[in-house]
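What's in data.cif: mmCIF, C-alpha atoms and all ligand atoms
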```cif
data_upload
#
loop_
_atom_site.group_PDB
_atom_site.id
_atom_site.type_symbol
_atom_site.label_atom_id
_atom_site.label_comp_id
_atom_site.auth_asym_id
_atom_site.auth_seq_id
_atom_site.Cartn_x
_atom_site.Cartn_y
_atom_site.Cartn_z
ATOM 1 C CA MET G 30 59.772 -47.453 -82.790
ATOM 2 C CA ILE G 31 56.492 -49.333 -82.983
ATOM 3 C CA LYS G 32 57.501 -51.149 -79.839
ATOM 4 C CA THR G 33 58.137 -47.869 -77.991
ATOM 5 C CA SER G 34 54.895 -46.249 -79.027
ATOM 6 C CA ARG G 35 53.004 -49.341 -78.016
ATOM 7 C CA ALA G 36 54.666 -49.227 -74.606
ATOM 8 C CA VAL G 37 53.774 -45.534 -74.253
ATOM 9 C CA LEU G 38 50.204 -46.218 -75.264
ATOM 10 C CA LEU G 39 49.995 -49.106 -72.822
ATOM 11 C CA SER G 40 51.291 -47.072 -69.920
ATOM 12 C CA ALA G 41 48.905 -44.240 -70.783
ATOM 13 C CA LEU G 42 46.052 -46.743 -70.768
ATOM 14 C CA ILE G 43 47.142 -48.122 -67.422
ATOM 15 C CA ALA G 44 47.468 -44.636 -65.965
ATOM 16 C CA ALA G 45 43.987 -43.737 -67.155
ATOM 17 C CA SER G 46 42.340 -46.918 -65.944
ATOM 18 C CA GLY G 47 41.985 -45.738 -62.330
ATOM 19 C CA VAL G 48 40.083 -42.698 -63.496
ATOM 20 C CA ALA G 49 38.112 -44.701 -66.059
ATOM 21 C CA HIS G 50 37.133 -47.041 -63.280
ATOM 22 C CA ALA G 51 35.686 -44.161 -61.274
ATOM 23 C CA ALA G 52 34.056 -42.608 -64.333
ATOM 24 C CA GLN G 53 32.398 -45.889 -65.352
ATOM 25 C CA ALA G 54 30.877 -46.105 -61.923
ATOM 26 C CA GLY G 55 28.932 -42.909 -62.545
ATOM 27 C CA GLU G 56 27.724 -41.298 -59.348
ATOM 28 C CA LYS G 57 28.642 -44.213 -57.143
ATOM 29 C CA LYS G 58 31.581 -43.808 -54.809
ATOM 30 C CA THR G 59 34.247 -46.494 -54.668
ATOM 31 C CA VAL G 60 35.270 -48.234 -51.463
ATOM 32 C CA LEU G 61 38.411 -50.353 -51.372
ATOM 33 C CA THR G 62 39.026 -53.038 -48.801
ATOM 34 C CA THR G 63 42.282 -54.803 -48.040
ATOM 35 C CA PHE G 64 40.832 -58.319 -48.356
ATOM 36 C CA THR G 65 37.807 -60.246 -49.515
ATOM 37 C CA ILE G 66 36.144 -60.799 -46.154
ATOM 38 C CA LEU G 67 35.980 -57.057 -45.542
ATOM 39 C CA SER G 68 34.616 -56.581 -49.072
ATOM 40 C CA ASP G 69 31.832 -59.019 -48.442
ATOM 41 C CA MET G 70 30.874 -57.310 -45.173
ATOM 42 C CA ALA G 71 31.095 -53.884 -46.830
ATOM 43 C CA GLN G 72 29.026 -55.030 -49.809
ATOM 44 C CA ASN G 73 26.292 -56.221 -47.481
ATOM 45 C CA VAL G 74 26.092 -52.768 -45.899
ATOM 46 C CA ALA G 75 26.555 -50.829 -49.155
ATOM 47 C CA GLY G 76 23.896 -52.623 -51.189
ATOM 48 C CA ASN G 77 23.848 -50.976 -54.610
ATOM 49 C CA ARG G 78 24.864 -47.522 -53.451
ATOM 50 C CA LEU G 79 28.640 -47.972 -53.493
ATOM 51 C CA ASN G 80 31.231 -49.867 -55.516
ATOM 52 C CA VAL G 81 33.153 -52.187 -53.228
ATOM 53 C CA VAL G 82 36.451 -53.640 -54.431
ATOM 54 C CA SER G 83 38.995 -55.816 -52.622
ATOM 55 C CA ILE G 84 42.679 -55.058 -53.198
ATOM 56 C CA THR G 85 43.735 -58.680 -52.569
ATOM 57 C CA LYS G 86 41.888 -61.287 -54.584
ATOM 58 C CA PRO G 87 40.056 -64.465 -53.466
ATOM 59 C CA GLY G 88 42.496 -67.086 -52.170
ATOM 60 C CA ALA G 89 45.332 -64.597 -51.652
ATOM 61 C CA GLU G 90 47.781 -64.646 -48.757
ATOM 62 C CA ILE G 91 46.911 -61.318 -47.158
ATOM 63 C CA HIS G 92 49.407 -60.673 -44.357
ATOM 64 C CA GLY G 93 52.562 -60.240 -46.391
ATOM 65 C CA TYR G 94 50.843 -59.379 -49.667
ATOM 66 C CA GLN G 95 53.159 -57.767 -52.216
ATOM 67 C CA PHE G 96 51.056 -55.100 -53.887
ATOM 68 C CA THR G 97 51.664 -54.380 -57.563
ATOM 69 C CA PRO G 98 51.823 -51.136 -59.563
ATOM 70 C CA SER G 99 48.425 -51.996 -61.018
ATOM 71 C CA ASP G 100 46.972 -52.323 -57.495
ATOM 72 C CA LEU G 101 48.053 -48.724 -56.951
ATOM 73 C CA VAL G 102 46.636 -47.637 -60.303
ATOM 74 C CA ASN G 103 43.325 -49.357 -59.573
ATOM 75 C CA ALA G 104 43.161 -47.744 -56.155
ATOM 76 C CA ARG G 105 43.510 -44.256 -57.488
ATOM 77 C CA GLY G 106 40.232 -42.373 -57.415
ATOM 78 C CA ALA G 107 38.817 -44.488 -54.589
ATOM 79 C CA ASP G 108 36.864 -42.534 -51.983
ATOM 80 C CA LEU G 109 37.543 -44.691 -48.923
ATOM 81 C CA ILE G 110 39.740 -47.612 -47.878
ATOM 82 C CA LEU G 111 38.662 -50.087 -45.195
ATOM 83 C CA ASN G 112 41.400 -52.037 -43.441
ATOM 84 C CA ASN G 113 41.432 -54.582 -40.619
ATOM 85 C CA GLY G 114 44.259 -53.203 -38.505
ATOM 86 C CA LEU G 115 45.825 -55.027 -35.524
ATOM 87 C CA ASN G 116 48.920 -55.434 -37.727
ATOM 88 C CA LEU G 117 47.113 -57.742 -40.146
ATOM 89 C CA GLU G 118 48.103 -55.979 -43.359
ATOM 90 C CA LEU G 119 51.869 -55.580 -43.097
ATOM 91 C CA TRP G 120 51.836 -53.825 -46.476
ATOM 92 C CA PHE G 121 49.096 -51.307 -45.807
ATOM 93 C CA GLU G 122 51.104 -48.346 -44.550
ATOM 94 C CA LYS G 123 53.443 -48.480 -47.527
ATOM 95 C CA PHE G 124 50.482 -48.874 -49.870
ATOM 96 C CA THR G 125 48.613 -45.834 -48.562
ATOM 97 C CA ARG G 126 51.809 -43.779 -48.450
ATOM 98 C CA GLN G 127 52.323 -44.415 -52.150
ATOM 99 C CA LEU G 128 48.673 -43.859 -52.926
ATOM 100 C CA GLY G 129 48.326 -40.395 -51.445
ATOM 101 C CA LYS G 130 45.329 -38.945 -49.713
ATOM 102 C CA ILE G 131 42.402 -41.330 -49.495
ATOM 103 C CA PRO G 132 40.597 -41.555 -46.157
ATOM 104 C CA ASN G 133 40.879 -44.922 -44.441
ATOM 105 C CA VAL G 134 38.958 -46.547 -41.620
ATOM 106 C CA THR G 135 40.214 -49.382 -39.408
ATOM 107 C CA LEU G 136 37.416 -51.859 -38.817
ATOM 108 C CA THR G 137 38.787 -53.383 -35.593
ATOM 109 C CA ASP G 138 38.418 -50.059 -33.772
ATOM 110 C CA GLY G 139 36.542 -50.810 -30.549
ATOM 111 C CA ILE G 140 37.405 -54.521 -30.494
ATOM 112 C CA ILE G 141 39.098 -55.987 -27.431
ATOM 113 C CA PRO G 142 42.009 -57.938 -28.903
ATOM 114 C CA VAL G 143 43.139 -61.403 -27.882
ATOM 115 C CA ASN G 144 46.888 -61.322 -27.502
ATOM 116 C CA ILE G 145 49.213 -63.839 -29.142
ATOM 117 C CA SER G 146 50.891 -66.104 -26.623
ATOM 118 C CA ALA G 147 53.773 -67.576 -28.615
ATOM 119 C CA ASP G 148 56.932 -66.887 -30.543
ATOM 120 C CA ALA G 149 58.045 -63.559 -31.980
ATOM 121 C CA TYR G 150 54.523 -62.119 -31.835
ATOM 122 C CA LYS G 151 54.057 -62.784 -28.109
ATOM 123 C CA GLY G 152 51.928 -60.092 -26.463
ATOM 124 C CA LYS G 153 50.845 -58.527 -29.754
ATOM 125 C CA PRO G 154 47.159 -58.517 -30.705
ATOM 126 C CA ASN G 155 45.962 -61.420 -32.822
ATOM 127 C CA PRO G 156 44.681 -59.751 -36.000
ATOM 128 C CA HIS G 157 42.002 -62.355 -36.949
ATOM 129 C CA ALA G 158 39.259 -60.620 -34.981
ATOM 130 C CA TRP G 159 36.583 -61.275 -37.643
ATOM 131 C CA MET G 160 36.598 -64.975 -36.717
ATOM 132 C CA SER G 161 34.365 -63.979 -33.796
ATOM 133 C CA PRO G 162 30.857 -63.197 -35.106
ATOM 134 C CA LYS G 163 30.445 -60.912 -32.111
ATOM 135 C CA ASN G 164 33.399 -58.886 -33.343
ATOM 136 C CA ALA G 165 31.937 -58.933 -36.856
ATOM 137 C CA LEU G 166 29.025 -56.917 -35.465
ATOM 138 C CA ILE G 167 31.571 -54.239 -34.473
ATOM 139 C CA TYR G 168 33.102 -54.363 -37.977
ATOM 140 C CA VAL G 169 29.640 -53.867 -39.469
ATOM 141 C CA GLU G 170 28.910 -50.929 -37.199
ATOM 142 C CA ASN G 171 32.244 -49.330 -38.147
ATOM 143 C CA ILE G 172 31.430 -49.881 -41.831
ATOM 144 C CA ARG G 173 27.953 -48.378 -41.395
ATOM 145 C CA LYS G 174 29.356 -45.266 -39.700
ATOM 146 C CA ALA G 175 32.045 -44.848 -42.373
ATOM 147 C CA PHE G 176 29.474 -45.161 -45.180
ATOM 148 C CA VAL G 177 27.056 -42.669 -43.613
ATOM 149 C CA LYS G 178 29.928 -40.197 -43.407
ATOM 150 C CA LEU G 179 30.987 -40.925 -46.991
ATOM 151 C CA ASP G 180 27.488 -40.819 -48.490
ATOM 152 C CA PRO G 181 25.056 -39.140 -46.045
ATOM 153 C CA ALA G 182 22.163 -39.366 -48.513
ATOM 154 C CA GLY G 183 22.433 -43.160 -48.300
ATOM 155 C CA ALA G 184 22.163 -43.303 -44.500
ATOM 156 C CA LYS G 185 18.736 -44.944 -44.519
ATOM 157 C CA VAL G 186 19.880 -47.698 -46.868
ATOM 158 C CA PHE G 187 23.103 -48.325 -44.939
ATOM 159 C CA ASN G 188 21.291 -48.419 -41.593
ATOM 160 C CA ALA G 189 18.712 -50.899 -42.861
ATOM 161 C CA ASN G 190 21.314 -53.092 -44.577
ATOM 162 C CA ALA G 191 23.574 -53.091 -41.515
ATOM 163 C CA LYS G 192 20.678 -54.132 -39.303
ATOM 164 C CA LYS G 193 19.637 -56.946 -41.610
ATOM 165 C CA TYR G 194 23.200 -58.222 -42.014
ATOM 166 C CA SER G 195 23.854 -58.008 -38.257
ATOM 167 C CA ASP G 196 20.766 -60.162 -37.657
ATOM 168 C CA GLN G 197 22.186 -62.741 -40.079
ATOM 169 C CA ILE G 198 25.528 -62.688 -38.243
ATOM 170 C CA ARG G 199 23.732 -63.207 -34.919
ATOM 171 C CA ALA G 200 21.849 -66.160 -36.377
ATOM 172 C CA VAL G 201 25.080 -67.826 -37.576
ATOM 173 C CA ASP G 202 26.667 -67.138 -34.183
ATOM 174 C CA ALA G 203 23.778 -68.848 -32.390
ATOM 175 C CA ARG G 204 23.930 -71.843 -34.727
ATOM 176 C CA LEU G 205 27.708 -72.262 -34.362
ATOM 177 C CA ARG G 206 27.408 -71.974 -30.593
ATOM 178 C CA SER G 207 24.872 -74.751 -30.420
ATOM 179 C CA GLN G 208 26.676 -76.983 -32.948
ATOM 180 C CA LEU G 209 30.115 -76.631 -31.375
ATOM 181 C CA ALA G 210 28.640 -77.132 -27.901
ATOM 182 C CA SER G 211 27.860 -80.691 -29.050
ATOM 183 C CA LEU G 212 31.569 -81.626 -29.083
ATOM 184 C CA PRO G 213 32.430 -83.825 -26.116
ATOM 185 C CA LYS G 214 34.818 -82.454 -23.510
ATOM 186 C CA ASN G 215 37.781 -84.565 -24.625
ATOM 187 C CA LYS G 216 37.466 -83.425 -28.249
ATOM 188 C CA ARG G 217 37.276 -79.692 -27.725
ATOM 189 C CA ALA G 218 40.664 -78.774 -29.195
ATOM 190 C CA LEU G 219 41.339 -77.062 -32.497
ATOM 191 C CA VAL G 220 44.786 -77.607 -34.042
ATOM 192 C CA THR G 221 45.667 -75.423 -37.054
ATOM 193 C CA CYS G 222 48.671 -74.191 -39.038
ATOM 194 C CA GLU G 223 48.259 -70.488 -38.317
ATOM 195 C CA GLY G 224 47.004 -69.299 -34.927
ATOM 196 C CA ALA G 225 44.068 -67.705 -36.656
ATOM 197 C CA PHE G 226 41.281 -69.143 -34.532
ATOM 198 C CA SER G 227 41.951 -67.487 -31.181
ATOM 199 C CA TYR G 228 38.698 -65.502 -31.323
ATOM 200 C CA LEU G 229 36.608 -68.425 -32.528
ATOM 201 C CA THR G 230 38.003 -70.816 -29.924
ATOM 202 C CA ARG G 231 37.465 -68.183 -27.227
ATOM 203 C CA ASP G 232 33.835 -67.616 -28.265
ATOM 204 C CA TYR G 233 32.942 -71.298 -28.497
ATOM 205 C CA ASN G 234 35.067 -72.600 -25.667
ATOM 206 C CA LEU G 235 37.633 -74.761 -27.470
ATOM 207 C CA ALA G 236 41.342 -75.144 -26.719
ATOM 208 C CA GLU G 237 43.620 -73.801 -29.453
ATOM 209 C CA HIS G 238 46.981 -75.136 -30.715
ATOM 210 C CA TYR G 239 48.892 -74.083 -33.816
ATOM 211 C CA LEU G 240 52.192 -74.411 -35.648
ATOM 212 C CA TRP G 241 52.909 -70.695 -35.989
ATOM 213 C CA PRO G 242 51.058 -67.647 -34.627
ATOM 214 C CA VAL G 243 50.704 -65.424 -37.729
ATOM 215 C CA ASN G 244 51.395 -65.974 -41.446
ATOM 216 C CA ALA G 245 54.376 -64.116 -42.873
ATOM 217 C CA GLU G 246 56.342 -64.732 -39.750
ATOM 218 C CA GLU G 247 59.750 -66.171 -40.478
ATOM 219 C CA GLY G 248 59.820 -69.893 -39.892
ATOM 220 C CA GLN G 249 56.419 -71.356 -40.659
ATOM 221 C CA GLY G 250 56.333 -74.993 -39.637
ATOM 222 C CA THR G 251 59.828 -75.322 -38.211
ATOM 223 C CA PRO G 252 60.866 -78.722 -36.768
ATOM 224 C CA ARG G 253 60.475 -77.266 -33.275
ATOM 225 C CA GLN G 254 56.936 -76.050 -34.011
ATOM 226 C CA ILE G 255 55.988 -79.379 -35.587
ATOM 227 C CA LYS G 256 57.384 -81.384 -32.682
ATOM 228 C CA GLY G 257 55.555 -79.164 -30.181
ATOM 229 C CA VAL G 258 52.205 -79.770 -31.849
ATOM 230 C CA ILE G 259 52.846 -83.519 -32.288
ATOM 231 C CA ASP G 260 53.496 -83.762 -28.543
ATOM 232 C CA VAL G 261 50.214 -81.983 -27.706
ATOM 233 C CA VAL G 262 48.165 -84.014 -30.186
ATOM 234 C CA ARG G 263 49.574 -87.284 -28.831
ATOM 235 C CA ALA G 264 49.224 -86.306 -25.177
ATOM 236 C CA GLU G 265 45.641 -85.110 -25.557
ATOM 237 C CA LYS G 266 44.610 -87.724 -28.163
ATOM 238 C CA ILE G 267 43.192 -84.991 -30.419
ATOM 239 C CA PRO G 268 41.172 -86.744 -33.152
ATOM 240 C CA ALA G 269 41.998 -84.403 -36.066
ATOM 241 C CA VAL G 270 44.230 -81.509 -37.085
ATOM 242 C CA PHE G 271 43.576 -78.815 -39.698
ATOM 243 C CA CYS G 272 45.305 -76.216 -41.855
ATOM 244 C CA GLU G 273 44.192 -72.972 -43.522
ATOM 245 C CA SER G 274 43.516 -72.517 -47.227
ATOM 246 C CA THR G 275 46.117 -69.798 -47.830
ATOM 247 C CA VAL G 276 49.207 -71.716 -46.613
ATOM 248 C CA PRO G 277 50.872 -75.071 -47.440
ATOM 249 C CA THR G 278 49.350 -78.013 -45.552
ATOM 250 C CA ARG G 279 52.388 -80.317 -45.541
ATOM 251 C CA GLY G 280 53.621 -79.388 -42.031
ATOM 252 C CA MET G 281 50.263 -80.300 -40.555
ATOM 253 C CA GLU G 282 49.986 -83.450 -42.633
ATOM 254 C CA GLN G 283 53.328 -84.458 -41.120
ATOM 255 C CA VAL G 284 51.905 -83.756 -37.658
ATOM 256 C CA ALA G 285 48.897 -85.960 -38.412
ATOM 257 C CA LYS G 286 51.073 -88.795 -39.670
ATOM 258 C CA GLU G 287 53.595 -88.723 -36.852
ATOM 259 C CA ALA G 288 51.029 -88.183 -34.109
ATOM 260 C CA GLY G 289 48.838 -90.966 -35.498
ATOM 261 C CA THR G 290 45.793 -88.765 -35.943
ATOM 262 C CA LYS G 291 43.872 -87.645 -39.038
ATOM 263 C CA PHE G 292 44.243 -84.566 -41.168
ATOM 264 C CA GLY G 293 40.757 -83.085 -40.881
ATOM 265 C CA GLY G 294 40.975 -80.766 -43.885
ATOM 266 C CA VAL G 295 41.386 -77.188 -44.950
ATOM 267 C CA LEU G 296 39.783 -74.331 -43.013
ATOM 268 C CA TYR G 297 39.103 -70.853 -44.360
ATOM 269 C CA VAL G 298 40.158 -67.747 -42.482
ATOM 270 C CA ASP G 299 42.049 -65.038 -44.344
ATOM 271 C CA SER G 300 40.448 -65.184 -47.750
ATOM 272 C CA LEU G 301 37.141 -66.031 -49.377
ATOM 273 C CA THR G 302 36.977 -68.113 -52.541
ATOM 274 C CA ASP G 303 35.417 -66.806 -55.730
ATOM 275 C CA ALA G 304 31.682 -67.286 -56.260
ATOM 276 C CA LYS G 305 32.119 -70.876 -57.493
ATOM 277 C CA GLY G 306 34.350 -71.944 -54.584
ATOM 278 C CA PRO G 307 33.236 -73.348 -51.226
ATOM 279 C CA VAL G 308 33.327 -70.061 -49.245
ATOM 280 C CA PRO G 309 32.115 -67.137 -51.380
ATOM 281 C CA THR G 310 30.861 -65.171 -48.356
ATOM 282 C CA TYR G 311 31.920 -64.528 -44.769
ATOM 283 C CA LEU G 312 28.826 -66.180 -43.293
ATOM 284 C CA ILE G 313 29.316 -69.282 -45.425
ATOM 285 C CA LEU G 314 32.983 -69.323 -44.373
ATOM 286 C CA LEU G 315 32.025 -69.447 -40.690
ATOM 287 C CA GLN G 316 29.524 -72.243 -41.233
ATOM 288 C CA LYS G 317 31.869 -74.212 -43.493
ATOM 289 C CA ASP G 318 34.666 -74.053 -40.907
ATOM 290 C CA ALA G 319 32.306 -75.184 -38.167
ATOM 291 C CA ASP G 320 31.139 -78.102 -40.350
ATOM 292 C CA ILE G 321 34.724 -79.194 -41.087
ATOM 293 C CA ILE G 322 35.732 -78.893 -37.416
ATOM 294 C CA LEU G 323 32.676 -80.855 -36.274
ATOM 295 C CA LYS G 324 33.210 -83.574 -38.839
ATOM 296 C CA GLY G 325 36.926 -83.863 -37.994
ATOM 297 C CA LEU G 326 36.541 -83.873 -34.246
ATOM 298 C CA GLY G 327 33.464 -86.068 -34.221
ATOM 299 C CA GLY G 328 30.691 -83.735 -33.127
ATOM 300 C CA ARG G 329 27.168 -84.166 -34.384
HETATM 301 ZN ZN ZN U 1 45.983 -64.992 -41.117
#
```

Would you put the structure from the file into structure tokens?
Ligand SMILES: [Zn+2]
Amino acid sequence: MIKTSRAVLLSALIAASGVAHAAQAGEKKTVLTTFTILSDMAQNVAGNRLNVVSITKPGAEIHGYQFTPSDLVNARGADLILNNGLNLELWFEKFTRQLGKIPNVTLTDGIIPVNISADAYKGKPNPHAWMSPKNALIYVENIRKAFVKLDPAGAKVFNANAKKYSDQIRAVDARLRSQLASLPKNKRALVTCEGAFSYLTRDYNLAEHYLWPVNAEEGQGTPRQIKGVIDVVRAEKIPAVFCESTVPTRGMEQVAKEAGTKFGGVLYVDSLTDAKGPVPTYLILLQKDADIILKGLGGR
């Protein structure tokens, strides 16, 4: 009997926690985002006026994320959900269907997508649009508009924050452009596990090769994919290959070994780290990736 009543009490506590969460926050409205990079952008625009919470946690695999009952409980009472779109969050439709009526805004609205050129995803938009700082400016503008609608009294704050943050994004963009321009012609190729750098390589004029186009696709790092990349790396004498933080690196380490090149390290794309990790913010993530790419490929 004690066991049962404890279970009842526990479930009552869990059920109440969504509401408690909103109540604790006082007057502030709560904005959910589907992953940490969107949270960081949203937090920069929100300042102290809104609570911003990411559904997936730092380091999480975000494409095929399996949401939990407590994710749903925690989301209850939120005032707005920001998602990436372009088929990034395969779980999002089911999540919002189970959650009920909370307005959501897709942050890639207005972005011109780069289409995927390989495998089962051929012709579909590549979802990693935030890896272009120029696109990030569109995300920020979409966030600003959504926040002004959600909390009109905060418009002045949101406008000022969005402007300041956009200036910071432009500064990082300019720095990356100049740094990556230093790579010699024969070293301008980025080889990664997931094809998550299509926007970055487009912006900074690098060739892009990868093992698989999008995480959560069946067959990540198949023998055919590995052989294909080994052939390219050998033929073009690419000095280093890389892999992303949210997937296993062994396929790419095999490529490096068999192609006789070096494994240049782990890049960050889909997820920030926590505050103590190497990429606690989106802007740091961009710079860190550029540093790792430059070091691996032998830029300045
Ligand atoms: Zn991804």

| query | Hey, can you check how far atom CA of Gly88 of chain G sits from atom CA of Thr275 of chain G? | reply | 6.3 Å

| task | Could you give me the residues within 7 Å of ligand ZN 1 (chain U), counting all atoms listed in the file, as a count of residues only? | result | 8

| Residues at most 12 Å from Pro142 of chain G, counting all atoms listed in the file, excluding those fewer than 2 positions away in the same chain, as a PyMOL selection string? | chain G and resi 114-116+137-140+144-145+152-161+164+227-228+231

| Residues near Leu301 of chain G, cut-off 10 Å, only C-alpha atoms, skip fewer than 4 positions along chain, as an MDAnalysis selection string | chainID G and resid 64:69 86:89 274:275 297 306:311 313:314

| remark: Restricting to all atoms listed in the file, whichever of G:Ala71, G:Leu119, G:Leu240, G:Ile259 is closest to Leu166 of chain G is G:Ala71

Name the residues that the PyMOL selection byres (((chain G and resi 288) around 12) and not hetatm) picks from the file above, as a PDB file with C-alpha atoms, in the coordinates of the input, using the file's chain letters and numbers.
```pdb
ATOM      1  CA  ILE G 255      55.988 -79.379 -35.587  1.00  0.00           C
ATOM      2  CA  LYS G 256      57.384 -81.384 -32.682  1.00  0.00           C
ATOM      3  CA  GLY G 257      55.555 -79.164 -30.181  1.00  0.00           C
ATOM      4  CA  VAL G 258      52.205 -79.770 -31.849  1.00  0.00           C
ATOM      5  CA  ILE G 259      52.846 -83.519 -32.288  1.00  0.00           C
ATOM      6  CA  ASP G 260      53.496 -83.762 -28.543  1.00  0.00           C
ATOM      7  CA  VAL G 261      50.214 -81.983 -27.706  1.00  0.00           C
ATOM      8  CA  VAL G 262      48.165 -84.014 -30.186  1.00  0.00           C
ATOM      9  CA  ARG G 263      49.574 -87.284 -28.831  1.00  0.00           C
ATOM     10  CA  ALA G 264      49.224 -86.306 -25.177  1.00  0.00           C
ATOM     11  CA  GLU G 265      45.641 -85.110 -25.557  1.00  0.00           C
ATOM     12  CA  LYS G 266      44.610 -87.724 -28.163  1.00  0.00           C
ATOM     13  CA  ILE G 267      43.192 -84.991 -30.419  1.00  0.00           C
ATOM     14  CA  PRO G 268      41.172 -86.744 -33.152  1.00  0.00           C
ATOM     15  CA  ALA G 269      41.998 -84.403 -36.066  1.00  0.00           C
ATOM     16  CA  VAL G 270      44.230 -81.509 -37.085  1.00  0.00           C
ATOM     17  CA  MET G 281      50.263 -80.300 -40.555  1.00  0.00           C
ATOM     18  CA  GLU G 282      49.986 -83.450 -42.633  1.00  0.00           C
ATOM     19  CA  GLN G 283      53.328 -84.458 -41.120  1.00  0.00           C
ATOM     20  CA  VAL G 284      51.905 -83.756 -37.658  1.00  0.00           C
ATOM     21  CA  ALA G 285      48.897 -85.960 -38.412  1.00  0.00           C
ATOM     22  CA  LYS G 286      51.073 -88.795 -39.670  1.00  0.00           C
ATOM     23  CA  GLU G 287      53.595 -88.723 -36.852  1.00  0.00           C
ATOM     24  CA  GLY G 289      48.838 -90.966 -35.498  1.00  0.00           C
ATOM     25  CA  THR G 290      45.793 -88.765 -35.943  1.00  0.00           C
ATOM     26  CA  LYS G 291      43.872 -87.645 -39.038  1.00  0.00           C
ATOM     27  CA  PHE G 292      44.243 -84.566 -41.168  1.00  0.00           C
TER      28      PHE G 292
END
```

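Considering all atoms listed in the file, the residue among G:Thr63, G:Gln197, G:Gln249, G:Asn133 positioned nearest to Trp120 of chain G is G:Thr63.
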
| To one decimal place, how far is atom CA of Met70 of chain G from atom CA of Ser195 of chain G in Å? |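 About the pair atom CA of Met70 of chain G and atom CA of Ser195 of chain G: they are 9.9 Å apart.
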
| Between atom CA of Asn188 of chain G and atom CA of Asp202 of chain G - distance in Å to one decimal |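 Computing it gives 20.8 Å between the two atoms.
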
| message | Can you translate the PyMOL selection byres (((chain G and resi 98-109) around 6) and not hetatm) into the concrete residues it hits in this file, as an NGL selection string? | response | :G and (47 or 59-60 or 97 or 110 or 131-133)

| task | Using all atoms listed in the file, find the one residue out of G:Val74, G:Leu136, G:Ala236, G:Ala304 that sits nearest to Tyr168 of chain G. | result |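 Among the listed residues, the smallest separation from Tyr168 of chain G belongs to G:Leu136.
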
| task | Tell me which residues the PyMOL selection byres (((chain G and resi 217) around 8) and not hetatm) grabs here, as number ranges by chain. | result | G: 212-216, 218-219, 234-236, 326

| request: Just the residues within 9 Å of Leu209 of chain G, please, counting all atoms listed in the file, with nothing from its chain fewer than 2 positions along; format it as JSON, numbers by chain. | output: {"G": [204, 205, 206, 207, 211, 212, 217, 233, 234, 235, 319, 322, 323, 328, 329]}

Preceding selection exported with C-alpha atoms as a short mmCIF file (atom, residue, chain, number, x, y, z; two decimals), in the coordinates of the input:
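Printed below is again33.cif as written:
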```cif
data_model
loop_
_atom_site.label_atom_id
_atom_site.label_comp_id
_atom_site.auth_asym_id
_atom_site.auth_seq_id
_atom_site.Cartn_x
_atom_site.Cartn_y
_atom_site.Cartn_z
CA ARG G 204 23.93 -71.84 -34.73
CA LEU G 205 27.71 -72.26 -34.36
CA ARG G 206 27.41 -71.97 -30.59
CA SER G 207 24.87 -74.75 -30.42
CA SER G 211 27.86 -80.69 -29.05
CA LEU G 212 31.57 -81.63 -29.08
CA ARG G 217 37.28 -79.69 -27.72
CA TYR G 233 32.94 -71.30 -28.50
CA ASN G 234 35.07 -72.60 -25.67
CA LEU G 235 37.63 -74.76 -27.47
CA ALA G 319 32.31 -75.18 -38.17
CA ILE G 322 35.73 -78.89 -37.42
CA LEU G 323 32.68 -80.86 -36.27
CA GLY G 328 30.69 -83.74 -33.13
CA ARG G 329 27.17 -84.17 -34.38
#
```

| message | Need to verify the contact set: Gly76 of chain G, 9 Å, only C-alpha atoms, exclusion of same-chain residues closer than 6 positions in sequence. Can you return it as a list in words? | response |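 Result of the neighbour search: Val186, Phe187 and Asn190 of chain G.
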